[in-house]
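Shown here: final-v1.pdb, PDB, C-alpha atoms.
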ATOM      1  CA  MET A  22      14.075   5.176   3.850
ATOM      2  CA  GLN A  23      11.560   2.589   4.929
ATOM      3  CA  PRO A  24      10.397   0.663   1.876
ATOM      4  CA  GLY A  25       6.685   0.583   1.228
ATOM      5  CA  PRO A  26       6.243  -2.772  -0.466
ATOM      6  CA  THR A  27       3.456  -3.416  -2.896
ATOM      7  CA  ASP A  28       4.135  -7.113  -3.230
ATOM      8  CA  GLU A  29       3.824  -9.877  -0.679
ATOM      9  CA  GLY A  30       7.488 -10.793  -0.567
ATOM     10  CA  ASN A  31       9.108  -7.421   0.062
ATOM     11  CA  GLU A  32       7.984  -6.486   3.580
ATOM     12  CA  THR A  33      11.348  -7.156   5.189
ATOM     13  CA  ALA A  34      13.455  -5.319   2.626
ATOM     14  CA  ALA A  35      16.411  -3.438   4.062
ATOM     15  CA  VAL A  36      15.965   0.106   5.302
ATOM     16  CA  SER A  37      18.705   2.617   4.706
ATOM     17  CA  THR A  38      20.712   3.928   7.622
ATOM     18  CA  PRO A  39      19.498   7.279   8.943
ATOM     19  CA  VAL A  40      21.661  10.128   7.659
ATOM     20  CA  ARG A  41      22.148  13.710   8.713
ATOM     21  CA  GLY A  42      19.005  15.722   8.097
ATOM     22  CA  ALA A  43      18.778  17.801   4.956
ATOM     23  CA  TRP A  44      17.066  20.562   6.930
ATOM     24  CA  ASP A  45      19.894  21.254   9.391
ATOM     25  CA  ALA A  46      21.365  24.168   7.460
ATOM     26  CA  ALA A  47      18.120  26.081   7.072
ATOM     27  CA  CYS A  48      14.517  25.652   8.094
ATOM     28  CA  PRO A  49      12.102  25.807   5.124
ATOM     29  CA  ASP A  50       9.573  27.845   7.082
ATOM     30  CA  PRO A  51      10.419  30.380   9.803
ATOM     31  CA  GLY A  52       7.287  29.275  11.637
ATOM     32  CA  PHE A  53       8.953  25.945  12.466
ATOM     33  CA  ASP A  54      11.406  25.780  15.347
ATOM     34  CA  PRO A  55      14.180  23.295  14.514
ATOM     35  CA  SER A  56      15.289  23.267  18.150
ATOM     36  CA  VAL A  57      12.063  21.511  19.179
ATOM     37  CA  ALA A  58      11.618  17.851  18.305
ATOM     38  CA  HIS A  59       8.727  17.202  15.963
ATOM     39  CA  PRO A  60       6.661  13.971  16.073
ATOM     40  CA  ALA A  61       6.615  13.410  12.308
ATOM     41  CA  ARG A  62      10.358  14.012  11.946
ATOM     42  CA  VAL A  63      11.176  11.723  14.883
ATOM     43  CA  TYR A  64       9.065   8.999  13.292
ATOM     44  CA  ALA A  65      10.794   9.611   9.950
ATOM     45  CA  TYR A  66      14.143   9.087  11.691
ATOM     46  CA  TRP A  67      13.013   5.701  13.014
ATOM     47  CA  LEU A  68      11.921   4.789   9.490
ATOM     48  CA  GLY A  69      15.403   5.586   8.180
ATOM     49  CA  GLY A  70      14.489   8.881   6.506
ATOM     50  CA  LYS A  71      16.641  11.990   6.203
ATOM     51  CA  ASP A  72      14.180  14.801   6.957
ATOM     52  CA  HIS A  73      15.046  15.597  10.557
ATOM     53  CA  HIS A  74      16.955  18.054  12.728
ATOM     54  CA  LEU A  75      19.371  17.518  15.572
ATOM     55  CA  ALA A  76      16.564  17.912  18.134
ATOM     56  CA  ASP A  77      14.592  15.181  16.396
ATOM     57  CA  ARG A  78      17.548  12.811  16.398
ATOM     58  CA  VAL A  79      18.292  13.510  20.061
ATOM     59  CA  ALA A  80      14.673  12.771  21.004
ATOM     60  CA  ALA A  81      14.541   9.661  18.823
ATOM     61  CA  GLU A  82      17.742   8.265  20.294
ATOM     62  CA  GLU A  83      16.632   9.000  23.851
ATOM     63  CA  VAL A  84      13.405   7.049  23.323
ATOM     64  CA  MET A  85      15.433   4.252  21.711
ATOM     65  CA  SER A  86      17.735   4.118  24.736
ATOM     66  CA  HIS A  87      14.741   2.982  26.805
ATOM     67  CA  ARG A  88      13.117   0.762  24.171
ATOM     68  CA  PRO A  89      15.261   0.039  21.077
ATOM     69  CA  GLN A  90      12.335  -1.909  19.617
ATOM     70  CA  VAL A  91      10.633   1.394  18.801
ATOM     71  CA  VAL A  92      12.460   1.287  15.449
ATOM     72  CA  ALA A  93      11.116  -2.180  14.704
ATOM     73  CA  GLY A  94       7.672  -0.956  15.701
ATOM     74  CA  ALA A  95       7.735   2.000  13.312
ATOM     75  CA  ARG A  96       8.827  -0.219  10.456
ATOM     76  CA  ALA A  97       6.341  -2.953  11.329
ATOM     77  CA  ASN A  98       3.601  -0.327  11.261
ATOM     78  CA  ARG A  99       4.688   0.710   7.766
ATOM     79  CA  ALA A 100       4.667  -2.901   6.603
ATOM     80  CA  PHE A 101       1.196  -3.336   8.132
ATOM     81  CA  LEU A 102      -0.046  -0.355   6.134
ATOM     82  CA  ALA A 103       1.071  -2.044   2.925
ATOM     83  CA  ARG A 104      -0.492  -5.386   3.903
ATOM     84  CA  VAL A 105      -3.814  -3.970   4.967
ATOM     85  CA  VAL A 106      -4.202  -1.666   1.963
ATOM     86  CA  ARG A 107      -3.392  -4.549  -0.373
ATOM     87  CA  TYR A 108      -5.955  -6.711   1.435
ATOM     88  CA  LEU A 109      -8.653  -4.044   1.264
ATOM     89  CA  ALA A 110      -8.057  -3.123  -2.374
ATOM     90  CA  ARG A 111      -7.429  -6.616  -3.730
ATOM     91  CA  GLU A 112      -9.654  -8.876  -1.633
ATOM     92  CA  CYS A 113     -12.382  -6.519  -0.454
ATOM     93  CA  GLY A 114     -12.735  -4.305  -3.525
ATOM     94  CA  ILE A 115     -12.239  -1.056  -1.614
ATOM     95  CA  ARG A 116     -11.518   1.910  -3.876
ATOM     96  CA  GLN A 117     -11.679   4.757  -1.348
ATOM     97  CA  PHE A 118      -9.261   5.332   1.521
ATOM     98  CA  LEU A 119      -9.295   7.960   4.268
ATOM     99  CA  ASP A 120      -5.835   7.977   5.876
ATOM    100  CA  ILE A 121      -5.901  10.020   9.086
ATOM    101  CA  GLY A 122      -2.598  11.013  10.691
ATOM    102  CA  THR A 123      -0.504  10.824   7.552
ATOM    103  CA  GLY A 124       2.995  11.590   8.796
ATOM    104  CA  LEU A 125       5.795  12.689   6.490
ATOM    105  CA  PRO A 126       5.640  11.094   3.040
ATOM    106  CA  ALA A 127       7.563   7.854   2.593
ATOM    107  CA  PRO A 128       7.724   5.272  -0.189
ATOM    108  CA  GLY A 129       4.773   2.917  -0.200
ATOM    109  CA  SER A 130       2.183   5.470   0.896
ATOM    110  CA  THR A 131      -1.471   4.493   0.863
ATOM    111  CA  HIS A 132      -2.288   5.720  -2.636
ATOM    112  CA  GLU A 133       0.797   4.044  -4.124
ATOM    113  CA  VAL A 134      -0.096   0.654  -2.688
ATOM    114  CA  ALA A 135      -3.797   0.968  -3.522
ATOM    115  CA  GLN A 136      -3.337   2.327  -7.032
ATOM    116  CA  ALA A 137      -0.800  -0.376  -7.870
ATOM    117  CA  ILE A 138      -3.759  -2.768  -7.510
ATOM    118  CA  ALA A 139      -6.583  -0.536  -8.748
ATOM    119  CA  PRO A 140      -5.466   2.675 -10.495
ATOM    120  CA  ASP A 141      -8.848   4.306  -9.915
ATOM    121  CA  CYS A 142      -8.487   4.323  -6.118
ATOM    122  CA  ARG A 143      -9.167   7.643  -4.445
ATOM    123  CA  VAL A 144      -7.260   8.575  -1.293
ATOM    124  CA  VAL A 145      -7.643  11.451   1.152
ATOM    125  CA  TYR A 146      -4.860  12.154   3.620
ATOM    126  CA  VAL A 147      -5.755  14.001   6.823
ATOM    127  CA  ASP A 148      -3.414  15.744   9.243
ATOM    128  CA  ASN A 149      -3.483  18.871  11.354
ATOM    129  CA  ASP A 150       0.252  19.492  11.065
ATOM    130  CA  PRO A 151       1.225  22.142   8.477
ATOM    131  CA  LEU A 152       4.638  20.560   7.990
ATOM    132  CA  VAL A 153       3.121  17.193   7.114
ATOM    133  CA  LEU A 154       0.523  18.722   4.799
ATOM    134  CA  THR A 155       3.107  20.815   2.947
ATOM    135  CA  TYR A 156       5.192  17.773   2.146
ATOM    136  CA  ALA A 157       2.151  15.611   1.402
ATOM    137  CA  ARG A 158       0.828  18.041  -1.177
ATOM    138  CA  ALA A 159       4.235  18.251  -2.829
ATOM    139  CA  LEU A 160       5.112  14.561  -2.866
ATOM    140  CA  LEU A 161       1.929  12.469  -2.718
ATOM    141  CA  THR A 162       0.547  12.632  -6.228
ATOM    142  CA  SER A 163      -2.080  10.350  -7.718
ATOM    143  CA  GLY A 164      -2.060   8.525 -10.996
ATOM    144  CA  PRO A 165      -4.402   9.987 -13.658
ATOM    145  CA  GLN A 166      -7.176   7.434 -13.088
ATOM    146  CA  GLY A 167      -7.422   7.981  -9.336
ATOM    147  CA  ALA A 168      -7.190  10.934  -6.990
ATOM    148  CA  CYS A 169      -5.348  12.210  -3.926
ATOM    149  CA  ASP A 170      -6.490  15.029  -1.708
ATOM    150  CA  TYR A 171      -5.358  16.510   1.600
ATOM    151  CA  VAL A 172      -7.449  17.762   4.499
ATOM    152  CA  ASP A 173      -6.163  20.024   7.248
ATOM    153  CA  ALA A 174      -8.200  18.845  10.222
ATOM    154  CA  ASP A 175      -7.821  17.456  13.719
ATOM    155  CA  LEU A 176      -8.960  13.856  14.225
ATOM    156  CA  ARG A 177     -10.930  15.050  17.254
ATOM    157  CA  ASP A 178     -13.016  17.264  14.951
ATOM    158  CA  THR A 179     -14.722  14.457  13.071
ATOM    159  CA  PRO A 180     -17.249  16.708  11.226
ATOM    160  CA  ALA A 181     -14.339  18.680   9.723
ATOM    161  CA  VAL A 182     -12.528  15.467   8.762
ATOM    162  CA  LEU A 183     -15.580  14.021   7.023
ATOM    163  CA  ALA A 184     -16.584  17.293   5.373
ATOM    164  CA  GLY A 185     -13.109  17.702   3.926
ATOM    165  CA  ALA A 186     -12.949  14.091   2.776
ATOM    166  CA  SER A 187     -16.319  14.356   1.039
ATOM    167  CA  TRP A 188     -14.870  16.678  -1.594
ATOM    168  CA  THR A 189     -12.948  13.709  -3.015
ATOM    169  CA  LEU A 190     -14.619  10.601  -1.582
ATOM    170  CA  ASP A 191     -18.217   9.497  -1.984
ATOM    171  CA  LEU A 192     -19.037   8.558   1.588
ATOM    172  CA  ASP A 193     -22.185   6.810   0.402
ATOM    173  CA  ARG A 194     -19.856   4.135  -0.989
ATOM    174  CA  PRO A 195     -17.574   1.790   0.996
ATOM    175  CA  THR A 196     -14.507   3.528   2.362
ATOM    176  CA  ALA A 197     -11.560   2.313   4.422
ATOM    177  CA  VAL A 198     -10.601   4.595   7.300
ATOM    178  CA  LEU A 199      -6.987   4.128   8.398
ATOM    179  CA  LEU A 200      -6.056   5.170  11.944
ATOM    180  CA  LEU A 201      -2.486   3.919  12.029
ATOM    181  CA  ALA A 202      -0.339   4.865  15.020
ATOM    182  CA  VAL A 203      -2.434   7.954  15.677
ATOM    183  CA  LEU A 204      -4.938   7.133  18.438
ATOM    184  CA  HIS A 205      -2.174   6.758  21.031
ATOM    185  CA  PHE A 206      -1.754  10.541  20.686
ATOM    186  CA  ILE A 207      -5.353  11.057  21.835
ATOM    187  CA  ALA A 208      -5.701  11.419  25.603
ATOM    188  CA  ASP A 209      -8.351   9.500  27.520
ATOM    189  CA  THR A 210     -10.007  12.825  28.345
ATOM    190  CA  ASP A 211     -10.678  13.292  24.609
ATOM    191  CA  ASP A 212     -12.367   9.849  24.494
ATOM    192  CA  PRO A 213     -10.713   8.132  21.515
ATOM    193  CA  ALA A 214     -13.387   5.416  21.481
ATOM    194  CA  ALA A 215     -16.083   8.058  20.972
ATOM    195  CA  ILE A 216     -14.051   9.622  18.142
ATOM    196  CA  VAL A 217     -13.798   6.265  16.392
ATOM    197  CA  ALA A 218     -17.491   5.573  16.931
ATOM    198  CA  THR A 219     -18.421   8.935  15.407
ATOM    199  CA  LEU A 220     -16.371   8.151  12.315
ATOM    200  CA  ALA A 221     -17.769   4.626  12.033
ATOM    201  CA  ARG A 222     -21.390   5.854  12.241
ATOM    202  CA  GLN A 223     -20.871   7.956   9.122
ATOM    203  CA  LEU A 224     -19.436   5.169   6.964
ATOM    204  CA  ALA A 225     -21.427   3.310   4.351
ATOM    205  CA  PRO A 226     -22.128  -0.419   4.715
ATOM    206  CA  GLY A 227     -19.177  -2.455   3.533
ATOM    207  CA  SER A 228     -16.655   0.088   4.804
ATOM    208  CA  TYR A 229     -13.670  -0.853   6.938
ATOM    209  CA  LEU A 230     -11.974   0.615   9.998
ATOM    210  CA  VAL A 231      -8.252  -0.036  10.518
ATOM    211  CA  ILE A 232      -6.393   0.695  13.773
ATOM    212  CA  SER A 233      -2.832   0.204  14.926
ATOM    213  CA  HIS A 234      -1.908   1.371  18.420
ATOM    214  CA  LEU A 235       1.059   1.481  20.767
ATOM    215  CA  THR A 236       0.945  -0.994  23.658
ATOM    216  CA  ALA A 237       3.037  -1.729  26.728
ATOM    217  CA  ASP A 238       1.701  -5.291  26.948
ATOM    218  CA  PHE A 239       4.972  -6.938  25.904
ATOM    219  CA  ALA A 240       7.396  -4.830  27.992
ATOM    220  CA  PRO A 241       5.541  -2.613  30.498
ATOM    221  CA  GLY A 242       8.577  -1.046  32.164
ATOM    222  CA  PRO A 243      10.649  -0.202  29.078
ATOM    223  CA  VAL A 244       7.672   1.031  27.069
ATOM    224  CA  ALA A 245       6.509   3.233  29.951
ATOM    225  CA  ALA A 246      10.021   4.680  30.229
ATOM    226  CA  ALA A 247      10.206   5.262  26.474
ATOM    227  CA  ALA A 248       6.789   6.926  26.453
ATOM    228  CA  GLY A 249       7.861   9.148  29.328
ATOM    229  CA  ALA A 250      11.020  10.167  27.471
ATOM    230  CA  TYR A 251       8.976  10.871  24.353
ATOM    231  CA  THR A 252       6.515  13.089  26.188
ATOM    232  CA  ALA A 253       9.344  14.946  27.952
ATOM    233  CA  LEU A 254      11.150  15.820  24.703
ATOM    234  CA  ILE A 255       8.322  16.106  22.188
ATOM    235  CA  PRO A 256       5.315  18.352  22.888
ATOM    236  CA  THR A 257       2.841  15.563  22.203
ATOM    237  CA  PRO A 258       1.268  13.104  24.661
ATOM    238  CA  LEU A 259       1.826   9.391  24.053
ATOM    239  CA  ILE A 260      -0.507   6.861  25.685
ATOM    240  CA  PRO A 261       0.175   3.115  25.334
ATOM    241  CA  ARG A 262      -2.969   1.007  25.686
ATOM    242  CA  SER A 263      -3.575  -2.662  26.448
ATOM    243  CA  HIS A 264      -5.005  -5.276  24.127
ATOM    244  CA  THR A 265      -8.355  -4.928  25.889
ATOM    245  CA  GLN A 266      -8.314  -1.151  25.498
ATOM    246  CA  VAL A 267      -7.298  -1.268  21.830
ATOM    247  CA  SER A 268      -9.982  -3.871  21.114
ATOM    248  CA  ALA A 269     -12.549  -1.610  22.782
ATOM    249  CA  LEU A 270     -11.741   1.178  20.314
ATOM    250  CA  PHE A 271     -13.568  -0.839  17.644
ATOM    251  CA  GLY A 272     -16.780  -0.468  19.644
ATOM    252  CA  GLY A 273     -18.011  -4.001  19.079
ATOM    253  CA  LEU A 274     -17.787  -3.867  15.277
ATOM    254  CA  PRO A 275     -17.194  -7.280  13.670
ATOM    255  CA  LEU A 276     -13.468  -7.874  13.344
ATOM    256  CA  VAL A 277     -11.780  -9.323  10.297
ATOM    257  CA  PRO A 278      -9.810 -12.453  11.265
ATOM    258  CA  PRO A 279      -7.417 -12.749  13.035
ATOM    259  CA  GLY A 280      -8.895  -9.921  15.130
ATOM    260  CA  VAL A 281      -6.786  -7.549  17.218
ATOM    261  CA  VAL A 282      -3.301  -9.053  17.349
ATOM    262  CA  PRO A 283       0.346  -7.991  17.626
ATOM    263  CA  ILE A 284       0.926  -5.999  14.462
ATOM    264  CA  ALA A 285       3.377  -8.392  12.808
ATOM    265  CA  GLU A 286       0.814 -11.200  13.098
ATOM    266  CA  TRP A 287      -1.975  -9.499  11.153
ATOM    267  CA  ARG A 288      -2.211 -11.528   7.915
ATOM    268  CA  SER A 289       1.534 -11.700   7.573
ATOM    269  CA  ALA A 290       3.084 -13.593   4.676
ATOM    270  CA  THR A 291       5.685 -14.820   7.156
ATOM    271  CA  ALA A 292       4.934 -17.938   9.166
ATOM    272  CA  GLY A 293       5.109 -17.659  12.966
ATOM    273  CA  PRO A 294       6.081 -17.813  15.704
ATOM    274  CA  PHE A 295       6.457 -14.018  15.821
ATOM    275  CA  PRO A 296       8.802 -12.273  18.253
ATOM    276  CA  HIS A 297       7.169  -9.339  20.013
ATOM    277  CA  ALA A 298       9.674  -6.800  18.730
ATOM    278  CA  ALA A 299       6.966  -4.317  17.731
ATOM    279  CA  ASP A 300       4.978  -2.737  20.549
ATOM    280  CA  LEU A 301       1.742  -2.322  18.634
ATOM    281  CA  HIS A 302      -1.605  -4.049  18.371
ATOM    282  CA  ALA A 303      -3.526  -3.896  15.100
ATOM    283  CA  GLY A 304      -6.911  -4.893  13.781
ATOM    284  CA  VAL A 305      -9.511  -4.322  11.093
ATOM    285  CA  ALA A 306     -13.295  -4.131  11.476
ATOM    286  CA  ARG A 307     -16.038  -4.147   8.851
ATOM    287  CA  ILE A 308     -19.016  -1.819   8.935
ATOM    288  CA  ALA A 309     -21.987  -4.100   8.469
ATOM    289  CA  GLY A 310     -24.808  -1.602   8.970
ATOM    290  CA  GLY A 311     -25.496   1.826   7.602
ATOM    291  CA  ARG A 312     -25.340   5.304   9.005
ATOM    292  CA  ILE A 313     -27.007   5.854  12.365
TER     293      ILE A 313
END

As structure tokens, how would this structure be written, given the file I've shared?
Amino acid sequence: MQPGPTDEGNETAAVSTPVRGAWDAACPDPGFDPSVAHPARVYAYWLGGKDHHLADRVAAEEVMSHRPQVVAGARANRAFLARVVRYLARECGIRQFLDIGTGLPAPGSTHEVAQAIAPDCRVVYVDNDPLVLTYARALLTSGPQGACDYVDADLRDTPAVLAGASWTLDLDRPTAVLLLAVLHFIADTDDPAAIVATLARQLAPGSYLVISHLTADFAPGPVAAAAGAYTALIPTPLIPRSHTQVSALFGGLPLVPPGVVPIAEWRSATAGPFPHAADLHAGVARIAGGRI
């Protein structure tokens, strides 16, 4: 599985080869249809995990046939999560994290990275997928000094997200909101910038907003083809956005240097130049004011 490093020198550790899914023989819940590819299981396949069905592997491989770099992108996103959580916990003193769009559990999840630095960190994971939440509750467990909680809510329903998070987090204190590889599933008609702005308005001064987002900037044709294949096989829209569009999602909030950049370039321990093997932009903004 994709390693989730908690030290600066382990971001490029080897990832195990994907193996046949443990769920092929029987589905753990009759409400799930193993013949339909599932976004979280497809992503887990790209990370090198084992929790996937044949339909997930077929979809994952079809997307890869158009843009093999999708695997590098998934793994770069996981490495970015580790870097940014370390930065926020160690350098910014953040002790509360709201991770929206959790995905299936993998080593190096948000609470593991944060609590390795500050054991009292409190983390809330949010997803609206029952499969993800079932596995999160079973496998994502906090140390005794901190806390983990799980909220079943849709990102587009920001009042529900914040109400659920407030059971565990004190939203009057600085909080980091992580929107990693999730906003590209929000259609333009649902106004992702407005969703982000609504979240940001409810954060205390000194909070942080973290975004990573799929882009076609580095390979427009292949990424468009891969996104089309994804949408055809997985019942979830996928919308790549440009650097300008991703930057606009921050709504003018002050960006932490180096700003919105290709994901591998955000405060990497590795010296450049960086190949554009990962089709994602990433950035972090700080909430300077208070609630509006």

Please report, as a Markdown table, each residue of segment 201-237 of chain A lying at most 9 Å from segment 187-192 of chain A, together with the nearest pair of atoms and the separation in Å rounded to one decimal; use all atoms listed in the file, and order rows by chain and ascending residue number.
| residue | atom | partner | partner_atom | distance |
| --- | --- | --- | --- | --- |
| A:Gln223 | CA | A:Leu192 | CA | 7.8 |
| A:Leu224 | CA | A:Leu192 | CA | 6.4 |
| A:Ala225 | CA | A:Leu192 | CA | 6.4 |

Save the residues we just selected, C-alpha atoms, as a PDB file, in the frame of the given file?
ATOM      1  CA  GLN A 223     -20.871   7.956   9.122  1.00  0.00           C
ATOM      2  CA  LEU A 224     -19.436   5.169   6.964  1.00  0.00           C
ATOM      3  CA  ALA A 225     -21.427   3.310   4.351  1.00  0.00           C
TER       4      ALA A 225
END

Q | Result set of the PyMOL selection byres ((chain A and resi 230-246) around 8) on the coordinates above, as a ChimeraX atom specification | A | /A:87-88,98,197-205,221,228-229,247-250,260-264,267,271,284,297,300-308

**Q.** Separation of atom CA of Thr131 of chain A from atom CA of Tyr108 of chain A, in Å and rounded to one decimal
**A.** 12.1 Å

Q | Selection dump of the PyMOL selection byres ((chain A and resi 95) around 8), as JSON, numbers by chain | A | {"A": [64, 67, 68, 91, 92, 93, 94, 96, 97, 98, 99, 299]}

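Residue selection for this entry, given the PyMOL selection byres ((chain A and resi 153) around 8), comprises Ala61, Thr123, Gly124, Leu125, Pro126, Asp148, Asp150, Pro151, Leu152, Leu154, Thr155, Tyr156 and Ala157 of chain A.
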
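Ranking A:Ala309, A:Ala139, A:Ala269, A:Leu161 by their shortest atom-to-atom distance to Ala214 of chain A, with all atoms listed in the file included, puts A:Ala269 first.
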